[in-house]
file work.txt (compact mmCIF, C-alpha atoms)
# COMPACT_ATOMS: atom_id res chain seq x y z
CA MET A 12 0.00 0.00 0.00
CA THR A 13 1.30 3.43 -0.83
CA LYS A 14 2.31 5.33 2.25
CA ASP A 15 1.20 8.91 2.57
CA ILE A 16 4.11 10.89 3.98
CA LYS A 17 4.14 14.59 4.74
CA VAL A 18 7.23 16.59 5.64
CA LEU A 19 6.24 19.69 7.59
CA GLY A 20 8.57 22.66 7.46
CA SER A 21 9.03 26.16 6.17
CA GLY A 22 11.22 25.04 3.29
CA CYS A 23 14.51 25.48 5.11
CA LYS A 24 17.52 23.36 4.32
CA LYS A 25 16.87 20.76 7.00
CA CYS A 26 13.29 20.30 5.82
CA GLN A 27 14.48 19.65 2.28
CA MET A 28 17.13 17.25 3.53
CA THR A 29 14.47 15.39 5.50
CA ALA A 30 12.23 15.05 2.45
CA GLU A 31 15.14 13.83 0.33
CA MET A 32 16.12 11.35 3.00
CA VAL A 33 12.60 9.89 3.16
CA GLN A 34 12.54 9.52 -0.62
CA THR A 35 15.98 7.92 -0.71
CA GLU A 36 15.16 5.42 2.03
CA ALA A 37 11.82 4.57 0.40
CA ASN A 38 13.55 3.90 -2.91
CA LYS A 39 16.12 1.77 -1.15
CA LEU A 40 13.51 -0.33 0.62
CA GLY A 41 11.20 -0.42 -2.39
CA VAL A 42 8.29 1.05 -0.42
CA PRO A 43 5.88 3.07 -2.56
CA ILE A 44 5.21 6.47 -1.00
CA PHE A 45 3.34 9.62 -1.79
CA LEU A 46 5.56 12.42 -0.49
CA GLU A 47 4.20 15.88 0.16
CA LYS A 48 5.89 18.94 1.62
CA VAL A 49 3.64 21.03 3.85
CA THR A 50 4.76 24.63 4.19
CA ASP A 51 1.52 26.19 5.39
CA TYR A 52 1.90 27.23 9.02
CA ALA A 53 -1.76 26.80 9.91
CA ALA A 54 -1.66 23.25 8.53
CA MET A 55 1.44 22.54 10.63
CA ALA A 56 -0.30 23.81 13.74
CA ALA A 57 -3.23 21.50 13.04
CA TYR A 58 -0.84 18.57 13.50
CA GLY A 59 0.10 19.89 16.93
CA ILE A 60 3.81 20.28 16.28
CA ALA A 61 5.94 23.20 17.43
CA SER A 62 9.28 22.38 15.88
CA THR A 63 10.24 21.60 12.33
CA PRO A 64 11.04 19.63 10.28
CA ALA A 65 8.31 17.22 11.31
CA VAL A 66 7.22 14.02 9.62
CA VAL A 67 3.66 12.68 9.35
CA VAL A 68 3.12 9.10 8.16
CA ASP A 69 -0.44 8.17 7.18
CA GLY A 70 -1.83 11.03 9.24
CA LYS A 71 0.23 10.26 12.34
CA VAL A 72 3.02 12.52 13.60
CA VAL A 73 6.13 10.37 14.03
CA HIS A 74 8.83 13.00 14.37
CA ALA A 75 9.33 16.69 15.13
CA GLY A 76 12.38 18.91 15.35
CA GLY A 77 15.64 18.33 13.51
CA LEU A 78 16.81 15.78 11.00
CA PRO A 79 15.54 12.27 11.66
CA ARG A 80 17.99 9.39 11.62
CA ALA A 81 18.02 7.08 8.62
CA GLU A 82 17.23 4.05 10.78
CA ASP A 83 14.16 5.85 12.18
CA VAL A 84 12.97 6.58 8.65
CA ASP A 85 13.43 2.91 7.78
CA ALA A 86 11.36 1.93 10.81
CA TRP A 87 8.45 4.19 9.80
CA LEU A 88 8.55 2.83 6.26
CA ALA A 89 8.75 -0.78 7.40
CA GLU A 90 5.69 -0.46 9.61
CA ALA A 91 2.70 -2.01 7.89
CA MET B 24 0.16 2.39 17.62
CA SER B 25 -2.80 1.29 15.57
CA THR B 26 -1.03 -1.21 13.39
CA CYS B 27 -2.81 -4.34 12.30
CA CYS B 28 0.15 -6.60 12.73
CA PRO B 29 3.25 -6.46 14.91
CA SER B 30 5.87 -4.21 13.42
CA PRO B 31 9.02 -6.00 12.33
CA SER B 32 11.89 -5.69 14.73
CA PRO B 33 14.48 -3.17 13.63
CA ALA B 34 17.46 -4.47 11.75
CA PRO B 35 20.19 -5.61 14.12
CA ARG B 36 23.06 -3.17 14.29
CA PRO B 37 26.70 -4.23 14.35
CA SER B 38 27.34 -5.76 17.75
CA LEU B 39 30.22 -3.53 18.88
CA THR B 40 28.54 -0.15 18.43
CA SER B 41 25.27 -1.41 19.89
CA SER B 42 26.87 -2.05 23.27
CA PRO B 43 26.52 0.85 25.72
CA ALA B 44 29.95 0.06 27.16
CA PHE B 45 31.49 0.93 23.79
CA TRP B 46 29.90 4.39 23.91
CA TYR B 47 30.77 5.07 27.55
CA ALA B 48 34.38 4.00 27.05
CA GLY B 49 34.56 5.97 23.80
CA THR B 50 33.23 9.11 25.47
CA GLY B 51 35.68 8.73 28.37
CA LEU B 52 38.59 8.14 26.01
CA GLY B 53 37.55 11.08 23.84
CA LEU B 54 37.47 13.39 26.87
CA ALA B 55 40.88 12.16 28.04
CA VAL B 56 42.41 12.79 24.61
CA TRP B 57 40.75 16.21 24.60
CA VAL B 58 42.36 17.19 27.93
CA LEU B 59 45.77 15.91 26.80
CA LEU B 60 45.64 17.85 23.53
CA TYR B 61 44.45 20.96 25.31
CA GLU B 62 47.43 20.84 27.66
CA LEU B 63 49.76 20.59 24.67
CA LEU B 64 48.33 23.58 22.80
CA GLN B 65 50.47 26.31 24.36
CA PRO B 66 53.83 24.51 24.01
CA PHE B 67 52.87 23.51 20.48
CA ALA B 68 52.01 27.08 19.45
CA THR B 69 55.23 28.45 20.99
CA TRP B 70 57.26 25.79 19.22
CA ALA B 71 55.50 26.31 15.88
CA VAL B 72 56.01 30.07 15.92
CA ALA B 73 59.70 29.59 16.77
CA GLN B 74 60.11 27.40 13.67
CA LEU B 75 58.82 30.15 11.40
CA PRO B 76 61.25 32.62 9.84
CA VAL B 77 59.81 35.69 11.53
CA ALA B 78 61.59 38.17 13.76
CA PRO B 79 60.76 37.66 17.47
CA GLY B 80 58.68 40.53 18.82
CA SER B 81 57.56 41.66 15.38
CA HIS B 82 53.94 42.43 14.45
CA LEU B 83 53.87 39.36 12.26
CA GLU B 84 55.06 37.14 15.09
CA GLU B 85 52.38 38.48 17.43
CA ALA B 86 49.68 37.89 14.85
CA LEU B 87 50.89 34.36 14.09
CA ALA B 88 51.20 33.43 17.76
CA PHE B 89 47.62 34.57 18.36
CA PHE B 90 46.35 32.66 15.36
CA LEU B 91 48.22 29.41 16.02
CA TYR B 92 47.24 29.25 19.67
CA ASP B 93 43.70 30.55 19.51
CA THR B 94 42.40 28.62 16.50
CA PRO B 95 42.81 25.12 17.96
CA LYS B 96 41.94 26.33 21.45
CA VAL B 97 38.67 27.92 20.37
CA LEU B 98 37.69 25.00 18.15
CA MET B 99 38.39 22.50 20.94
CA LEU B 100 36.44 24.40 23.59
CA LEU B 101 33.61 25.00 21.15
CA THR B 102 33.44 21.28 20.38
CA LEU B 103 33.26 20.45 24.08
CA VAL B 104 30.55 23.01 24.83
CA VAL B 105 28.47 22.02 21.80
CA PHE B 106 28.76 18.33 22.73
CA GLY B 107 27.60 19.04 26.29
CA MET B 108 24.77 21.25 25.10
CA GLY B 109 23.72 18.60 22.56
CA ILE B 110 23.31 16.12 25.41
CA VAL B 111 21.40 18.64 27.56
CA ARG B 112 19.11 19.50 24.64
CA SER B 113 18.23 15.86 24.05
CA PHE B 114 16.16 16.14 27.25
CA PHE B 115 14.02 18.93 25.79
CA SER B 116 11.80 19.51 22.76
CA GLY B 117 9.70 22.35 21.43
CA GLU B 118 6.54 20.33 22.06
CA ALA B 119 7.41 19.50 25.67
CA THR B 120 8.40 23.11 26.35
CA ARG B 121 5.07 24.28 24.97
CA ARG B 122 3.28 21.89 27.30
CA LEU B 123 5.26 23.22 30.25
CA LEU B 124 4.51 26.84 29.38
CA ALA B 125 0.85 26.56 28.42
CA GLY B 126 -1.32 28.34 30.94
CA LYS B 127 1.69 29.69 32.86
CA ARG B 128 1.14 33.15 34.32
CA GLU B 129 3.28 36.08 33.36
CA GLY B 130 6.17 36.73 35.68
CA LEU B 131 7.18 33.21 36.60
CA GLY B 132 6.21 32.18 33.08
CA ASN B 133 8.70 34.66 31.64
CA VAL B 134 11.48 33.23 33.80
CA ALA B 135 10.59 29.67 32.80
CA ALA B 136 10.30 30.57 29.11
CA ALA B 137 13.65 32.36 28.97
CA SER B 138 15.40 29.48 30.76
CA LEU B 139 13.77 26.89 28.51
CA GLY B 140 14.76 29.04 25.52
CA ILE B 141 18.39 28.24 26.25
CA VAL B 142 18.03 24.45 26.44
CA THR B 143 15.24 23.74 23.94
CA PRO B 144 16.54 22.84 20.47
CA PHE B 145 15.79 25.79 18.25
CA CYS B 146 16.64 26.86 14.75
CA SER B 147 15.59 30.17 13.28
CA CYS B 148 13.57 28.45 10.54
CA SER B 149 11.48 26.89 13.32
CA ALA B 150 10.64 30.29 14.79
CA VAL B 151 7.25 30.71 13.12
CA PRO B 152 5.79 27.24 13.76
CA LEU B 153 7.03 27.53 17.32
CA PHE B 154 5.50 30.95 17.79
CA ILE B 155 2.14 29.80 16.47
CA GLY B 156 2.34 26.60 18.45
CA PHE B 157 2.96 28.52 21.67
CA VAL B 158 0.33 31.21 21.17
CA SER B 159 -2.40 28.82 20.06
CA ALA B 160 -1.66 26.51 23.00
CA GLY B 161 -2.43 29.34 25.39
CA VAL B 162 1.09 30.47 26.21
CA PRO B 163 0.78 34.23 26.96
CA LEU B 164 2.28 36.50 24.30
CA GLY B 165 4.88 38.05 26.61
CA VAL B 166 5.98 34.59 27.79
CA THR B 167 6.32 33.48 24.16
CA PHE B 168 8.53 36.49 23.50
CA SER B 169 10.76 35.65 26.47
CA PHE B 170 11.40 32.30 24.82
CA LEU B 171 11.91 33.83 21.39
CA ILE B 172 14.47 36.34 22.69
CA ALA B 173 16.50 33.91 24.83
CA ALA B 174 16.67 31.11 22.25
CA PRO B 175 18.89 32.81 19.66
CA MET B 176 20.77 35.13 22.04
CA VAL B 177 22.02 32.67 24.64
CA ASN B 178 23.35 29.87 22.47
CA GLU B 179 26.12 27.34 22.92
CA VAL B 180 28.31 28.83 20.20
CA ALA B 181 28.34 32.27 21.85
CA LEU B 182 28.88 30.80 25.32
CA GLY B 183 31.63 28.45 24.14
CA LEU B 184 33.53 31.21 22.35
CA LEU B 185 33.19 33.74 25.14
CA PHE B 186 34.45 31.13 27.57
CA ALA B 187 37.38 30.25 25.30
CA LEU B 188 38.45 33.80 24.53
CA MET B 189 37.37 35.94 27.46
CA GLY B 190 37.07 33.60 30.42
CA TRP B 191 34.22 32.11 32.39
CA GLN B 192 33.34 35.35 34.17
CA VAL B 193 32.39 37.02 30.90
CA ALA B 194 30.60 33.90 29.61
CA LEU B 195 28.59 33.61 32.81
CA SER B 196 27.74 37.32 32.85
CA TYR B 197 26.59 37.04 29.24
CA LEU B 198 24.34 34.13 30.22
CA GLY B 199 22.91 36.05 33.17
CA PHE B 200 22.35 39.31 31.32
CA GLY B 201 20.96 37.52 28.25
CA LEU B 202 18.44 35.73 30.48
CA GLY B 203 17.63 39.01 32.23
CA ILE B 204 16.90 40.80 28.95
CA ALA B 205 14.70 37.94 27.73
CA ILE B 206 12.71 37.83 30.98
CA LEU B 207 12.24 41.59 31.32
CA ALA B 208 11.64 42.37 27.65
CA GLY B 209 9.07 39.56 27.42
CA TRP B 210 7.37 40.77 30.57
CA VAL B 211 7.24 44.38 29.32
CA ILE B 212 5.80 43.28 25.96
CA GLY B 213 3.21 41.23 27.86
CA ARG B 214 2.21 44.31 29.89
CA PHE B 215 1.40 46.16 26.66
CA HIS B 216 -1.32 43.58 25.78
CA LEU B 217 -0.60 43.64 22.07
CA GLU B 218 -2.46 40.47 21.06
CA SER B 219 -4.40 42.52 18.53
CA TRP B 220 -1.11 43.42 16.81
CA LEU B 221 -0.54 39.84 15.72
CA GLN B 222 -1.31 39.05 12.10
CA PRO B 223 -5.06 38.36 12.18
CA TRP B 224 -4.88 34.76 10.93
CA VAL B 225 -2.66 33.72 13.84
CA LEU B 226 -5.46 34.06 16.37
CA ASN B 227 -7.70 31.79 14.31
CA VAL B 228 -5.27 28.91 14.17
CA ARG B 229 -6.60 25.82 15.83
CA MET B 230 -4.00 23.72 17.51
CA GLY B 231 -4.26 20.01 16.84
CA ALA B 232 -4.23 17.69 19.78
CA THR B 233 -1.83 15.27 18.15
CA GLN B 234 0.51 13.74 20.64
CA LEU B 235 4.00 12.92 19.57
CA PRO B 236 5.00 9.32 20.04
CA ASP B 237 6.89 8.75 23.23
CA MET B 238 10.50 9.13 22.15
CA ARG B 239 12.33 7.46 24.95
CA MET B 240 16.05 7.95 24.60
CA THR B 241 18.79 5.83 26.08
CA ALA B 242 22.07 7.22 27.40
CA VAL B 243 23.71 6.06 24.17
CA ASP B 244 21.10 7.98 22.14
CA ARG B 245 22.00 11.09 24.09
CA ILE B 246 25.73 10.66 23.50
CA GLN B 247 24.91 10.28 19.81
CA ALA B 248 22.77 13.43 19.98
CA GLY B 249 25.78 15.26 21.41
CA LEU B 250 27.99 13.98 18.59
CA ASP B 251 25.34 14.88 16.01
CA SER B 252 25.21 18.46 17.22
CA VAL B 253 29.02 18.66 17.10
CA LYS B 254 28.93 17.42 13.51
CA ASP B 255 26.10 19.80 12.67
CA ILE B 256 27.18 22.98 14.49
CA VAL B 257 30.97 22.78 14.56
CA GLY B 258 30.87 21.51 10.98
CA LYS B 259 28.98 24.66 10.04
CA VAL B 260 30.83 27.33 12.02
CA TRP B 261 34.49 26.26 11.92
CA LEU B 262 35.14 28.37 8.85
CA TRP B 263 33.59 31.38 10.57
CA VAL B 264 35.79 30.76 13.60
CA ILE B 265 38.93 30.68 11.45
CA ALA B 266 37.88 33.79 9.54
CA GLY B 267 37.10 35.60 12.79
CA ILE B 268 40.38 34.60 14.40
CA SER B 269 42.33 35.63 11.29
CA ILE B 270 40.84 39.10 11.44
CA GLY B 271 41.36 39.13 15.20
CA ALA B 272 45.00 38.13 14.71
CA LEU B 273 45.56 41.00 12.27
CA ILE B 274 44.03 43.44 14.74
CA HIS B 275 46.16 42.00 17.55
CA GLY B 276 49.38 42.28 15.60
CA TYR B 277 48.93 45.48 13.65
CA ALA B 278 46.30 47.85 15.06
CA PRO B 279 47.68 50.53 17.40
CA ALA B 280 46.83 49.89 21.03
CA ASP B 281 44.65 52.94 21.61
CA LEU B 282 43.03 52.98 18.18
CA LEU B 283 39.50 52.51 19.48
CA ALA B 284 39.76 54.14 22.87
CA SER B 285 38.17 57.37 21.72
CA ILE B 286 35.26 55.88 19.77
CA MET B 287 34.58 52.60 21.61
CA GLY B 288 36.12 53.33 24.98
CA LYS B 289 34.30 53.69 28.28
CA ASP B 290 34.34 57.47 28.21
CA ALA B 291 32.44 57.67 24.94
CA TRP B 292 28.97 57.29 26.50
CA TRP B 293 27.19 57.33 23.15
CA SER B 294 29.14 54.34 21.85
CA VAL B 295 26.82 51.77 23.51
CA PRO B 296 23.58 52.89 21.80
CA ALA B 297 25.50 53.46 18.57
CA ALA B 298 26.91 49.92 18.68
CA VAL B 299 23.41 48.49 19.26
CA VAL B 300 21.83 50.48 16.43
CA ILE B 301 24.55 49.33 14.03
CA GLY B 302 24.32 45.74 15.28
CA ILE B 303 20.54 45.24 15.08
CA PRO B 304 20.12 44.84 11.31
CA MET B 305 23.38 42.93 10.94
CA TYR B 306 23.25 39.19 10.72
CA SER B 307 26.31 37.24 11.60
CA ASN B 308 27.32 34.18 13.41
CA ALA B 309 28.56 34.39 17.00
CA ALA B 310 31.48 32.28 15.81
CA GLY B 311 32.75 34.91 13.40
CA ILE B 312 32.14 37.96 15.51
CA ILE B 313 33.47 37.01 18.95
CA PRO B 314 37.17 36.62 17.99
CA VAL B 315 37.04 40.05 16.34
CA VAL B 316 35.33 41.52 19.39
CA GLU B 317 37.98 40.01 21.66
CA ALA B 318 40.75 41.59 19.60
CA LEU B 319 39.02 45.00 19.73
CA LEU B 320 39.09 44.79 23.53
CA GLY B 321 42.88 44.83 23.45
CA LYS B 322 42.77 48.04 21.45
CA GLY B 323 40.92 50.23 23.91
CA ALA B 324 37.30 49.24 23.25
CA ALA B 325 35.16 48.86 26.39
CA ILE B 326 33.79 45.39 27.08
CA GLY B 327 30.17 46.48 27.55
CA THR B 328 30.22 48.32 24.25
CA VAL B 329 31.52 45.37 22.24
CA LEU B 330 29.25 42.87 24.02
CA ALA B 331 26.23 45.08 23.39
CA PHE B 332 27.20 45.14 19.73
CA MET B 333 27.54 41.38 19.73
CA MET B 334 24.20 40.80 21.47
CA ALA B 335 22.46 43.10 19.00
CA VAL B 336 23.99 41.23 16.07
CA ILE B 337 23.05 37.79 17.42
CA ALA B 338 19.66 38.48 19.01
CA LEU B 339 18.10 40.74 16.39
CA SER B 340 18.55 40.64 12.65
CA LEU B 341 16.83 41.71 9.50
CA PRO B 342 16.29 38.16 8.17
CA GLU B 343 14.64 37.18 11.46
CA MET B 344 12.29 40.18 11.30
CA ILE B 345 11.30 39.25 7.77
CA ILE B 346 10.43 35.73 8.96
CA LEU B 347 8.47 37.10 11.93
CA LYS B 348 6.53 39.45 9.65
CA LYS B 349 4.40 36.41 8.78
CA VAL B 350 2.99 36.31 12.31
CA LEU B 351 3.57 39.81 13.72
CA THR B 352 2.46 43.14 12.35
CA GLY B 353 5.11 45.79 11.67
CA ARG B 354 4.07 47.68 14.78
CA LEU B 355 4.59 44.66 17.00
CA ILE B 356 7.98 43.97 15.42
CA ALA B 357 8.95 47.59 16.13
CA VAL B 358 7.95 47.17 19.80
CA PHE B 359 9.86 43.88 19.98
CA VAL B 360 13.04 45.39 18.49
CA GLY B 361 12.71 48.55 20.58
CA VAL B 362 12.29 46.76 23.92
CA VAL B 363 15.06 44.23 23.28
CA GLY B 364 17.37 46.97 21.91
CA LEU B 365 16.87 49.08 25.03
CA GLY B 366 17.58 46.05 27.20
CA ILE B 367 20.85 45.44 25.35
CA VAL B 368 21.88 49.10 25.74
CA ALA B 369 21.23 48.82 29.49
CA VAL B 370 23.34 45.66 29.67
CA GLY B 371 26.13 47.40 27.76
CA TYR B 372 26.32 50.17 30.35
CA LEU B 373 26.09 47.64 33.17
CA PHE B 374 28.95 45.56 31.74
CA ASN B 375 31.09 48.68 31.36
CA ALA B 376 30.42 49.51 35.00
CA VAL B 377 30.95 45.97 36.36
CA PHE B 378 34.14 45.18 34.45
CA ALA B 379 35.60 48.68 34.83
CA GLY B 380 39.35 48.62 35.28
call {"tool": "encode", "arguments": {"input": "work.txt", "output": "structure tokens"}}
result
Amino acid sequence: MTKDIKVLGSGCKKCQMTAEMVQTEANKLGVPIFLEKVTDYAAMAAYGIASTPAVVVDGKVVHAGGLPRAEDVDAWLAEA
Amino acid sequence: MSTCCPSPSPAPRPSLTSSPAFWYAGTGLGLAVWVLLYELLQPFATWAVAQLPVAPGSHLEEALAFFLYDTPKVLMLLTLVVFGMGIVRSFFSGEATRRLLAGKREGLGNVAAASLGIVTPFCSCSAVPLFIGFVSAGVPLGVTFSFLIAAPMVNEVALGLLFALMGWQVALSYLGFGLGIAILAGWVIGRFHLESWLQPWVLNVRMGATQLPDMRMTAVDRIQAGLDSVKDIVGKVWLWVIAGISIGALIHGYAPADLLASIMGKDAWWSVPAAVVIGIPMYSNAAGIIPVVEALLGKGAAIGTVLAFMMAVIALSLPEMIILKKVLTGRLIAVFVGVVGLGIVAVGYLFNAVFAG
């Protein structure tokens, strides 16, 4: 099943790196994803986060603040 | 988590690095090597300068001695401070800080917010989501500002460099005065009741109730967080440090000793506000500016004047105001800059008085 992944952030360098990292790991693991970058502040607030970049997988916030680690990304992608 | 089947166990890591003992021993060893190298810096710099074909006592020799000793010293102390701060910060997050501050009264709330501003991980690109997150969670506006002032001003890079170049008394005073400005300025802004000067859409934002997953960290995770912040921060600012020290070395070796006494000395009362006004729009890294500031001190500049300049450069900047324009109206930004600027001027005079002679 395609995973719906949102990277929340204002478009700063770390947010872009996070999005690239998710895409790279997904390609590596062969997991189909739909990746979307959310830059709207009101939308970010609706997810209840206060620090960016944040990552939302299938509607669930899994990470907020700073670059995630590659092994964490793999864990989110591996979860069925 | 609402998964239908048990999640697969994470891939096993290599056995050596997964053992906590490896990380504890590595950290201990790293610290021991650090101390040893630090002890060797002075003899090394003396020896290295003696090998160079420069006349002893010349301007060039003075500049080189400053550069060769201070560059490794500053980088080493910076690494240590950033590592320690990385570990401290792993205990905090923007979301947890918001929870702590929500519903706090002004006064004590300002103190808590300014203190948390120092230890909560913060990057300037996070400023807007954080601001909205705080305000919509019921953190009073003045308390939010206390956080927003302390977070950039009192940072590990500034503290590490001040400690390395000017001693712990100056670093500690900077910490205390920075906190004081953040607490008082936030409290004053709160007294003005300027909620209506926020951009209108901010007040309509509804905060989601999403809870972050419980991110329990082990001691090894925290050591890794410390190393990550060294990689991230020191990796980013080392060039600034070298550039700053190079300029500082030139000033040390070549500028006449009383060059700045008349314009940046203690007797020029107007130099503090002038330094703050010049520093506010400027945007620079603490890493680049502190070595230059330290060199100016040796040339007759008063410490309060140069620190006020530095605080203005670090705490307030044009790019930051442009980012904040998304959530604050121009009038509120003007109040913010005015109150913080006045606080920095006051600290400049105080520093000049405290460290006089």
call {"tool": "closest_residue", "arguments": {"input": "work.txt", "among": "A:Val42, A:Ala57, A:Tyr52, A:Leu78", "to": "Gln27 of chain A", "atoms": "only C-alpha atoms"}}
result
A:Leu78
call {"tool": "residues_near_point", "arguments": {"input": "work.txt", "point": "(30.6, 43.0, 19.8)", "cutoff": "10 Å", "atoms": "only C-alpha atoms", "output": "list of chain:residue names"}}
result
B:Ala298, B:Val299, B:Gly302, B:Ala309, B:Ile312, B:Ile313, B:Pro314, B:Val315, B:Val316, B:Glu317, B:Leu319, B:Leu320, B:Ala324, B:Ala325, B:Ile326, B:Gly327, B:Thr328, B:Val329, B:Leu330, B:Ala331, B:Phe332, B:Met333, B:Met334, B:Ala335, B:Val336, B:Ile337
call {"tool": "closest_residue", "arguments": {"input": "work.txt", "among": "B:Phe145, B:Tyr277, B:Phe45, B:Phe106", "to": "chain A", "atoms": "all atoms listed in the file"}}
result
B:Phe145
call {"tool": "interface_residues", "arguments": {"input": "work.txt", "of": "chain A", "to": "chain B", "cutoff": "12 Å", "atoms": "only C-alpha atoms", "output": "number ranges by chain"}}
result
A: 19-26, 49-91
call {"tool": "closest_residue", "arguments": {"input": "work.txt", "among": "B:Thr352, B:Thr241, B:Thr143, B:Gln247", "to": "Gln222 of chain B", "atoms": "only C-alpha atoms"}}
result
B:Thr352
call {"tool": "residues_around", "arguments": {"input": "work.txt", "residues": "segment 213-219 of chain B", "least_positions_apart": "6", "cutoff": "10 Å", "atoms": "all atoms listed in the file", "output": "number ranges by chain"}}
result
B: 129-130, 133, 158, 163-169, 207, 225-226, 351-352, 354-355, 358
call {"tool": "closest_residue", "arguments": {"input": "work.txt", "among": "B:Thr50, B:Ala369, B:Ser113, B:Phe378", "to": "Phe200 of chain B", "atoms": "all atoms listed in the file"}}
result
B:Ala369
call {"tool": "closest_residue", "arguments": {"input": "work.txt", "among": "B:Val243, B:Gly323, B:Val105, B:Val193", "to": "Ala48 of chain B", "atoms": "only C-alpha atoms"}}
result
B:Val243
call {"tool": "atom_distance", "arguments": {"input": "work.txt", "atom1": "atom CA of Asp281 of chain B", "atom2": "atom CA of Ala297 of chain B"}}
result
19.4 Å
call {"tool": "atom_distance", "arguments": {"input": "work.txt", "atom1": "atom CA of Arg245 of chain B", "atom2": "atom CA of Ile110 of chain B"}}
result
5.4 Å
